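A.B. asks: Take this structure first; my questions come after.
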Amino acid sequence: MSENQPILRVENIRKTFGDQLVLDDVSLTVNRGEVKILIGPSGSGKSTLLQCLNFLNTPDQGRIWLEGREFKAAGRHDLCAFRQQVGMIFQDFNLFDHLNARENVRIALIKVKGLTKAQANHRAMEELARVGLADKADLYPAQLSGGQKQRVSMARALAMDPKVLLLDEPTSALDPELIGEVLAVIRFLASAGMTMIMATHQIAFSATMAHEFLFMEKGRIVERGSPKHLLAADATSRTKDFCAKIN
Ligand code: ADP
Ligand code: MG
């Protein structure tokens, strides 16, 4: 496997719901350590695209390669292996309410990675420490703030050693004062070289670390480029118009 080949390559993804075309010929390439930001109006297809990238939704058409190997789901086992490598962070955390923070992080380590309980506990604690929550390991989701819940969900994804992390508006469900702690973890991951694709409305934050902005509209990527280029004072871009409206 070459260090230079893209981690993820997606070609001509198309997805319909009923007679609605939700993703129309979407292609993108993500290299190791890159951060790509998906922006665009509500309903433009950002979540559906992220879900297609880890097969929570099955594209109607299109091809996906992970580290140069085309993924063709033949069964549950393949899907599970693929999803370990392409982690997902959801807007609403998706934690198990009946499990505490450590158990939320360790469950897939035991059930999917086959670690012993002791090994899984150890790894879960490492990941919770990485997101600054080692002291909250015994608390249940109901006892955690939104920002803490999102950090647990990030620890859970990171425990699987993903090659790519997909984040779908990870701070949208949070009160304003809790957004910063989640963004700090994302910034740390970016600086540590994690490859990420994130849908977000946090434009100023994203502009400081994104390699590329992908602006979506009606199921298509209609503009792409570096934030510096797209948001420059003298730029005329769809992205800049959109960002001016939401900020
Ligand atoms: P975004 O994340 O950019 O807001 P989405 O990907 O959630 O956009 O949605 C794109 C379009 O697909 C919307 O019109 C939405 O209503 C539709 N859609 C998303 N998921 C489903 C679904 N499971 N069934 C039917 N329509 C859906
Ligand atoms: Mg969405």
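Chain labels A, B, ... are given in the sequence in which chains occur in the structure tokens; within each chain residues are numbered consecutively from 1, and ligands are likewise numbered from 1 in the order shown.
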Neighbouring residues of ligand 2 are defined here as those with any atom at most 8 Å from a ligand atom, counting only C-alpha atoms and all ligand atoms; list them as a PyMOL selection string.

C.D. replies: chain A and resi 42-43+45-48+168-169+199

A.B. asks: If you count only C-alpha atoms and all ligand atoms, which residues end up within 9 Å of ligand 1, as a ChimeraX atom specification?

C.D. replies: /A:15-18,20-23,38-51,57,168-169,199,216-219

A.B. asks: Given the selection you just returned, output its residues as a file containing C-alpha atoms, formatted as an mmCIF file, in the first residue's frame.

C.D. replies:
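For reference, result_39.cif as written:
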```cif
data_model
loop_
_atom_site.group_PDB
_atom_site.id
_atom_site.type_symbol
_atom_site.label_atom_id
_atom_site.label_comp_id
_atom_site.auth_asym_id
_atom_site.auth_seq_id
_atom_site.Cartn_x
_atom_site.Cartn_y
_atom_site.Cartn_z
ATOM 1 C CA LYS A 15 -28.703 8.205 -4.338
ATOM 2 C CA THR A 16 -32.434 8.539 -4.685
ATOM 3 C CA PHE A 17 -35.189 8.397 -2.099
ATOM 4 C CA GLY A 18 -38.356 7.530 -3.992
ATOM 5 C CA GLN A 20 -36.120 12.428 -5.277
ATOM 6 C CA LEU A 21 -32.525 12.559 -6.460
ATOM 7 C CA VAL A 22 -30.600 13.316 -3.253
ATOM 8 C CA LEU A 23 -27.026 12.717 -4.420
ATOM 9 C CA LEU A 38 -18.970 19.758 3.704
ATOM 10 C CA ILE A 39 -21.073 22.865 3.777
ATOM 11 C CA GLY A 40 -24.339 23.799 2.179
ATOM 12 C CA PRO A 41 -27.970 24.451 2.907
ATOM 13 C CA SER A 42 -30.172 22.082 4.829
ATOM 14 C CA GLY A 43 -31.392 19.304 2.571
ATOM 15 C CA SER A 44 -28.475 19.583 0.157
ATOM 16 C CA GLY A 45 -27.400 15.989 0.857
ATOM 17 C CA LYS A 46 -24.518 16.330 3.334
ATOM 18 C CA SER A 47 -25.798 13.716 5.777
ATOM 19 C CA THR A 48 -26.805 11.335 3.012
ATOM 20 C CA LEU A 49 -23.354 11.608 1.475
ATOM 21 C CA LEU A 50 -21.630 10.854 4.793
ATOM 22 C CA GLN A 51 -23.986 7.936 5.350
ATOM 23 C CA ASN A 57 -27.112 4.251 3.312
ATOM 24 C CA ASP A 168 -22.088 14.918 10.720
ATOM 25 C CA GLU A 169 -22.660 18.326 12.314
ATOM 26 C CA ALA A 199 -20.372 18.473 7.684
ATOM 27 C CA MET A 216 -23.141 21.172 -1.717
ATOM 28 C CA GLU A 217 -26.413 22.206 -3.236
ATOM 29 C CA LYS A 218 -29.259 19.967 -4.351
ATOM 30 C CA GLY A 219 -27.196 16.802 -4.116
#
```

A.B. asks: Taking only C-alpha atoms into account, name the residue in A:Leu8, A:Met88, A:Leu230, A:Leu178 that is nearest to A:Met160.

C.D. replies: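 Closest candidate: A:Met88.
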
A.B. asks: Extract, using only C-alpha atoms, all DNA, RNA and protein residues at most 10 Å from A:His98, discarding same-chain residues fewer than 6 positions from it, and format them as a PyMOL selection string.

C.D. replies: chain A and resi 104+140-142

A.B. asks: Among the residues of stretch 93-180 of chain A, find those DSSP assigns to strand (DSSP E) from the backbone and print them as a PyMOL selection string.

C.D. replies: chain A and resi 164-168
